[in-house]
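Chemist: Handing you a structure now.
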Amino acid sequence: MADEEESELSEKQKIDIAKWFLLNSPPGEIQFVAEDVKAVVNDDILYEEAASEAFPLYNKSHMISLEMPGGIGDVLVTSFGELRGTKYLDPRTAHVAVVDHIKQVCTDVRPALDEELPFAYVEEYSGSAGVHMQKYCWEGNDEYFIFASLVFRDETNVIKSIGWRKRCK
């Protein structure tokens, strides 16, 4: 075994390994894992390629909540609210947030266009579902949690309800 020559990993293998570590970061810990991965990869171009693929997937799968500029509210980063690229709809405030996935911040916000908003049938249930979900998550925890809930229509016109809360610092 010691006589065998060790082969260098290819760039693709390094990127795949870096993505694996980023995607398998514990909830809320991806920034810390990213620092370590960047140090181990020791190549900014390879790291940026891995991060640009891994962070959007991580953020959507963990449904991170980001504060929108101007104190408008929080936007949930989910596949249900994804419009195109880095834009996400917050139907509660009728705004579209632009997200920097790697920094995990909302960089811009604008009012949603009519064609980006859910149709009236979804809006009818959104308020009711949101009230009940918020009540459930807030009971006894109003000092420690921020809550966000959204109701979306998926590509098959099935209404999906999402509720999320995070502990305040």
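Just remember, in the structure tokens the first chain shown is A, the second B, etc., residues are 1-based per chain, and ligands are 1-based in the order shown.
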Please return, as a PyMOL selection string, all residues of stretch 28-72 of chain A that DSSP assigns to helix (DSSP H, G or I) on the basis of the backbone.
Modeler: chain A and resi 30-41+44-61+69-71
Chemist: Stretch 36-51 of chain A: which residues within 7 Å, counting only C-alpha atoms, same-chain residues fewer than 5 positions away excluded, as number ranges by chain?
Modeler: A: 15, 18-19, 102
Chemist: What does the file look like for those residues with N, CA and C atoms, as a compact mmCIF listing (two decimals), in the first residue's frame?
Modeler:
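Here's the written file part03.txt:
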# COMPACT_ATOMS: atom_id res chain seq x y z
N ILE A 15 -14.69 19.92 -6.16
CA ILE A 15 -15.95 20.67 -6.12
C ILE A 15 -17.06 19.81 -5.54
N ALA A 18 -16.56 19.46 -1.79
CA ALA A 18 -16.90 20.72 -1.11
C ALA A 18 -18.41 20.91 -1.05
N LYS A 19 -19.11 20.63 -2.16
CA LYS A 19 -20.58 20.74 -2.19
C LYS A 19 -21.20 19.78 -1.18
N ILE A 102 -25.12 33.02 -0.95
CA ILE A 102 -23.87 32.73 -0.23
C ILE A 102 -23.76 33.56 1.05
Chemist: What separation in Å, quoted to one decimal, exists between atom CA of A:Gly85 and atom CA of A:Pro26?
Modeler: 24.7 Å
Chemist: Within 12 Å of stretch 52-55 of chain A, counting only C-alpha atoms, which residues show up once you throw out same-chain ones fewer than 2 positions away? Write them as an MDAnalysis selection string, please.
Modeler: chainID A and resid 15:25 28:31 33:34 44:50 57:64 77 85:86 99:105
